[in-house]
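Only one structure is covered here, and it is reproduced in the block below.
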Amino acid sequence: MKKTNKLYLIFLIVFLSVFYFLVENQFYRSIVIYVMFNAINASLLNILFGYAGIISLGQAAFFGIGAYTTGILTVHFGINPFLTILIGAFISFVVAYIVGFPTLKLHGHYLAMATLGFGMIVYILFNEFTDITGGPSGLVGIAKLSIFGILIDDESKFYIFFSVIFVGFSILLELFDKSFYSYKLKFIKESESASKSFGINVSKVKLIVFATTSMFSAVVGSLFAFYSGFISPVSFSLKYSIDLFVMATLGGLGSITGGTLGAALLTVFPELISNFEDYEMIIYGSLLAIIVMFFPQGISGLIKKMLGKYVRS
Amino acid sequence: MQFFYSGLTSGSIYALVAIGFNIIYNTTGLINFAQGEFVVLGGMLMYTTLTILGLPVSVAFLVTFIIMFIVGVVFEKFFLRYVKLKTETNLIAITIALAVIMRGIAMVIWGRDSLAVPPYIEDKTISVIGGSMNSQSILVIIVCFFVAIILSSFFKYTKYGKAFRACYDDQTAATICGINVNMIRMLSFAIASLLGALAGAIIAPITFVTYTDGIMAGLKGFAAAIIGGLGSFWGGLFGGFALGVIEGFFAFVLPSGFKDAFAFIILLLILFIKPTGLFGKKKAVRV
């Protein structure tokens with residue numbers, strides 16, 4: 001087994017703290033926060049798709065379940081914000097388990113369509129249960145989270161809080177990548193029948209991975225609700241699922257830095273171009289096409305290849 | 001009964017999209033996630049040729065079909081064929097990528113508004129048992145049946161149809177028998193693209209066309225194809241009508257916003273219970 005990639009983690013910590021002290025601008029900080037949101041979601045999708053070979057086009061739904069659980073519970077019922085994260089995570093886990101149980105037996109395009117359909121159903125429900133979700137116009141007035149008695153109510157506090165979460169998550173990811181479990185998943189991706197004959201309970205492993213990643217997505221969704229204070233179904237539409245898919249693929253499937261890399265590129269890049277929205281879909285689609293056609297390993301694969309010439313890792 | 005008739009109209013569009021899925025599936029074993037975008041492009045091209053350029057209907061159809069044929073060819077020849085690692089997931093990803101690109105292009109060219117296409121035949125309301133139907137809707141249903149009959153006899157009885165089926169069974173064997181597999185693959189995408197365009201063109205006067213319609217059209221067409229069983233034309237036709245009517249019924253009894261959710265719930269149920277569909281081939285499930 002390979003050693004953990006400490007360099008990457010140190011880089012993350014240094015970058016996030018240097019950025020905090022050098023850049024006071026709230027707007028730039030918010031971009032970094034969004035990068036981290038997308039990075040976690042894309043990395044989770046990467047585990048599903050890149051490691052376990054589970055193609056899921058409905059990940060935005062679980063993100064949304066977390067966000068809406070927090071939103072609804074704090075707005076309508078005034079439940080302790082911290083508790084709503086746990087409830088959201090639990091609901092998401094259960095939903096993913098129930099949906100995954102029959103769905104994960106499917107493969108390839110069947111699975112893709114099933115998860116896509118699931119994502120659409122959840123999106124429609126967010127839109128249609130107007131009484132509790134606020135419908136298309138969204139849900140306002142979500143409470144702020146407080147940790148150890150400190151209310152996280154502004155951009156810089158959230159930045160610090162979320163950076164800690166993000167670094168923690170990255171360490172977990174890194175440990176996961178080097179663990180036996182990730183090899184198990186990759187084995188399943190290579191050949192299900194072979195891994196079955198090695199005594200791996202394929203459907204159980206897949207189900208647990210699916211439910212766990214969905215649970216993490218929901219946690220991030222809750223944090224997103226706290227951060228923005230406002231949620232509407234648009235943030236959890238099919239488009240976001242596809243965006244995540246593009247991020248994970250661009251960054252590099254099956255590589256632990258892939259999700260973060262892709263998310264960073266695709267979140268920062270649009271901010272640099274003024275009328276990006278008009279051409280967003282063409283650019284995303286073309287990037288995905290180019291990566292899939294010519295660089296199936298993604299950008300992190302390219303970097304590894306280039307580094308590999310000089311350093312033997 | 002009215003919901004039944006409106007269900008038939010939307011059902012025939014789902015059926016046409018489903019048949020488009022089946023054509024590609026039957027030759028390449030792939031699902032084309034951009035099938036819905038073909039529908040949108042077809043409708044939008046009709047808008048351009050008819051409303052903006054003012055061409056006669058027959059010429060407009062011809063121009064639309066020629067362009068969509070080229071789109072189908074480009075789709076396969078310049079994108080799918082150059083995918084480095086032809087795994088199933090990569091091929092799914094590339095069709096998703098192309099769907100997103102096509103949606104983006106449609107938005108840039110035609111904008112975000114719904115576009116109205118003038119009707120092709122005189123707009124009349126015809127009363128039928130237990131309700132009434134629009135002449136446009138009847139045209140849609142007739143076209144759908146007509147296409148299904150032509151295509152299924154093409155694939156069943158002609159030499160070329162046989163070549164298409166041979167490609168699905170075994171590409172290597174087909175090559176050995178002197179079939180140009182690449183050509184057949186390309187043609188299957190071109191025909192699917194034409195079918196999508198036809199569906200988009202005939203439905204456009206009834207529902208109008210917006211650049212985002214492709215997602216719904218594609219998903220529901222896929223649901224129809226799954227209900228009937230992937231690979232079966234008549235199954236696709238049946239699935240389309242069944243889905244249309246069921247959906248029409250639910251729109252009748254429930255708030256219309258939930259209508260779309262039902263199509264997906266049906267899709268999921270069929271996938272869970274019987275992924276091969278009602279008339280599907282055995283090969284549909286691969287382990």
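Ordering of the structure tokens sets the chain letters (A, B, ...), residue numbers begin anew at 1 in every chain, and ligands are numbered from 1 in the order given.
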With 7 Å as the limit and counting only C-alpha atoms, what residues in chain B lie close to chain A? Please list them as a ChimeraX atom specification. /B:31,82-84,88-90,92,94,97-98,100-101,104-105,108,257,261,264,268,272
Store the residues picked out above, limited to N, CA and C atoms, as a short mmCIF file (atom, residue, chain, number, x, y, z; two decimals), in the first residue's frame.
data_model
loop_
_atom_site.label_atom_id
_atom_site.label_comp_id
_atom_site.auth_asym_id
_atom_site.auth_seq_id
_atom_site.Cartn_x
_atom_site.Cartn_y
_atom_site.Cartn_z
N ILE B 31 -27.13 3.46 -24.90
CA ILE B 31 -28.26 4.36 -24.70
C ILE B 31 -27.77 5.76 -24.98
N TYR B 82 -14.17 8.35 -31.45
CA TYR B 82 -12.84 8.70 -30.96
C TYR B 82 -12.68 8.58 -29.46
N VAL B 83 -13.65 7.98 -28.81
CA VAL B 83 -13.49 7.77 -27.37
C VAL B 83 -12.38 6.74 -27.17
N LYS B 84 -11.39 7.15 -26.35
CA LYS B 84 -10.18 6.35 -26.22
C LYS B 84 -10.46 4.99 -25.59
N GLU B 88 -18.48 1.16 -21.15
CA GLU B 88 -19.88 1.58 -21.21
C GLU B 88 -20.06 2.94 -20.54
N THR B 89 -19.40 3.12 -19.37
CA THR B 89 -19.60 4.39 -18.66
C THR B 89 -19.02 5.55 -19.46
N ASN B 90 -17.89 5.33 -20.13
CA ASN B 90 -17.33 6.42 -20.93
C ASN B 90 -18.26 6.79 -22.08
N ILE B 92 -21.48 6.40 -22.10
CA ILE B 92 -22.61 7.13 -21.50
C ILE B 92 -22.19 8.58 -21.29
N ILE B 94 -19.99 10.36 -22.79
CA ILE B 94 -19.86 11.18 -23.99
C ILE B 94 -21.23 11.58 -24.53
N ALA B 97 -22.31 14.38 -22.44
CA ALA B 97 -21.57 15.59 -22.82
C ALA B 97 -22.19 16.22 -24.07
N LEU B 98 -22.49 15.39 -25.06
CA LEU B 98 -23.05 15.92 -26.30
C LEU B 98 -24.45 16.49 -26.07
N VAL B 100 -25.43 17.95 -23.35
CA VAL B 100 -25.25 19.26 -22.72
C VAL B 100 -24.80 20.28 -23.76
N ILE B 101 -23.90 19.87 -24.65
CA ILE B 101 -23.43 20.79 -25.68
C ILE B 101 -24.60 21.22 -26.58
N GLY B 104 -26.79 23.61 -24.87
CA GLY B 104 -26.14 24.91 -24.80
C GLY B 104 -26.22 25.64 -26.13
N ILE B 105 -25.97 24.91 -27.21
CA ILE B 105 -26.01 25.55 -28.53
C ILE B 105 -27.42 26.03 -28.83
N VAL B 108 -28.00 29.22 -27.05
CA VAL B 108 -27.30 30.37 -27.62
C VAL B 108 -27.98 30.82 -28.92
N GLY B 257 -48.42 19.40 -11.40
CA GLY B 257 -46.99 19.44 -11.16
C GLY B 257 -46.40 18.07 -10.90
N ALA B 261 -43.38 13.61 -12.11
CA ALA B 261 -42.82 12.69 -11.12
C ALA B 261 -43.33 11.28 -11.37
N PHE B 264 -41.44 9.13 -13.75
CA PHE B 264 -40.18 8.59 -13.24
C PHE B 264 -40.42 7.50 -12.22
N LEU B 268 -38.82 3.92 -12.47
CA LEU B 268 -38.07 3.24 -11.41
C LEU B 268 -38.70 1.89 -11.09
N PHE B 272 -36.93 -1.67 -11.29
CA PHE B 272 -36.75 -2.51 -10.12
C PHE B 272 -37.33 -3.90 -10.34
#
Taking 6 positions as the minimum chain separation for residues in the same chain, which residues sit within 10 Å of Gly130 of chain B when counting only C-alpha atoms? Answer as a PyMOL selection string. chain B and resi 1-2+4-5
Go ahead and dump the residues you just picked, N, CA, C and O atoms, as a compact mmCIF listing (two decimals), in the first residue's frame.
# COMPACT_ATOMS: atom_id res chain seq x y z
N MET B 1 -62.70 10.59 -20.35
CA MET B 1 -62.05 10.06 -21.54
C MET B 1 -61.05 11.05 -22.15
O MET B 1 -60.13 10.69 -22.86
N GLN B 2 -61.25 12.34 -21.82
CA GLN B 2 -60.40 13.35 -22.47
C GLN B 2 -58.92 13.11 -22.18
O GLN B 2 -58.08 13.26 -23.05
N PHE B 4 -57.48 10.43 -21.87
CA PHE B 4 -57.01 9.34 -22.69
C PHE B 4 -56.49 9.86 -24.03
O PHE B 4 -55.41 9.49 -24.50
N TYR B 5 -57.24 10.79 -24.61
CA TYR B 5 -56.84 11.31 -25.92
C TYR B 5 -55.60 12.20 -25.82
O TYR B 5 -54.70 12.14 -26.65
Excluding Leu50 of chain B and residues on its chain fewer than 4 positions from it, collect all residues at most 8 Å away from it, counting only C-alpha atoms, and give them as number ranges by chain. B: 46, 54-57, 60, 117-118
Using the chain letters and numbers from this document, which residues of segment 19-268 of chain A does DSSP assign to helix (DSSP H, G or I), as number ranges by chain? A: 19-22, 26-51, 59-76, 81-103, 108-128, 130-133, 135-137, 155-178, 180-190, 192-197, 202-228, 233-236, 238-251, 258-268
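Minimum atom-to-atom distance to Phe79 of chain B, evaluated using only C-alpha atoms, belongs to B:Met186 out of B:Met186, B:Leu151, B:Ile265, B:Val39.
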Out of segment 61-149 of chain B, which residues get strand (DSSP E) from DSSP, as a list in words?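 Output for segment 61-149 of chain B, strand (DSSP E) only: Thr125, Ile126, Ser127, Val128, Gly131, Ser132, Met133 and Asn134 of chain B.
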Find the residues around Phe145 of chain B up to 10 Å (only C-alpha atoms counted), leave out those fewer than 5 positions away in its own chain, and share them as a list in words.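 Near Phe145 of chain B, the qualifying residues are Ser12, Ala15, Leu16, Val140, Ile150, Leu151, Trp234 and Leu237 of chain B.
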Okay, now the selection with N, CA and C atoms, as a PDB file, in the first residue's frame?
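Output contents, as saved in again.pdb:
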ATOM      1  N   SER B  12     -47.508   9.442 -28.178  1.00  0.00           N
ATOM      2  CA  SER B  12     -46.878   9.122 -29.463  1.00  0.00           C
ATOM      3  C   SER B  12     -45.518   9.781 -29.585  1.00  0.00           C
ATOM      4  N   ALA B  15     -43.296   7.604 -27.709  1.00  0.00           N
ATOM      5  CA  ALA B  15     -43.067   6.398 -28.503  1.00  0.00           C
ATOM      6  C   ALA B  15     -41.993   6.651 -29.554  1.00  0.00           C
ATOM      7  N   LEU B  16     -42.066   7.804 -30.216  1.00  0.00           N
ATOM      8  CA  LEU B  16     -41.059   8.102 -31.247  1.00  0.00           C
ATOM      9  C   LEU B  16     -39.665   8.213 -30.626  1.00  0.00           C
ATOM     10  N   VAL B 140     -50.224  13.634 -35.288  1.00  0.00           N
ATOM     11  CA  VAL B 140     -49.090  13.112 -34.515  1.00  0.00           C
ATOM     12  C   VAL B 140     -49.205  11.598 -34.343  1.00  0.00           C
ATOM     13  N   ILE B 150     -43.062   1.384 -40.786  1.00  0.00           N
ATOM     14  CA  ILE B 150     -41.975   1.436 -41.766  1.00  0.00           C
ATOM     15  C   ILE B 150     -40.681   0.920 -41.161  1.00  0.00           C
ATOM     16  N   LEU B 151     -40.341   1.410 -39.964  1.00  0.00           N
ATOM     17  CA  LEU B 151     -39.055   1.033 -39.379  1.00  0.00           C
ATOM     18  C   LEU B 151     -39.004  -0.443 -39.034  1.00  0.00           C
ATOM     19  N   TRP B 234     -42.212  -2.363 -31.223  1.00  0.00           N
ATOM     20  CA  TRP B 234     -43.625  -2.351 -30.839  1.00  0.00           C
ATOM     21  C   TRP B 234     -43.747  -2.155 -29.343  1.00  0.00           C
ATOM     22  N   LEU B 237     -43.477   1.474 -28.804  1.00  0.00           N
ATOM     23  CA  LEU B 237     -44.734   2.128 -29.188  1.00  0.00           C
ATOM     24  C   LEU B 237     -45.763   1.955 -28.085  1.00  0.00           C
TER      25      LEU B 237
END
A:Pro270, A:Gly141, A:Gly64, A:Gly135: which is nearest Asn41 of chain A, counting only C-alpha atoms? A:Gly64
Contact residues around segment 203-216 of chain B with only C-alpha atoms at 6 Å, ignoring same-chain residues under 4 positions, as a list in words: Gly36, Glu37, Val40, Gly43, Ala106, Met107, Ser114, Leu115, Ala116, Val117, Pro118, Pro119 and Lys220 of chain B
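What separates atom CA of Tyr28 of chain A from atom CA of Glu155 of chain A is a distance of 10.5 Å.
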re atom CA of Phe164 of chain B and atom CA of Gly218 of chain B: distance 22.8 Å
Mind checking which residues fall within 6 Å of segment 86-93 of chain A, counting only C-alpha atoms, ignoring those fewer than 2 positions away in the same chain, and posting them as a PyMOL selection string? chain A and resi 66+69+83-84+95-96+211+215+218-219
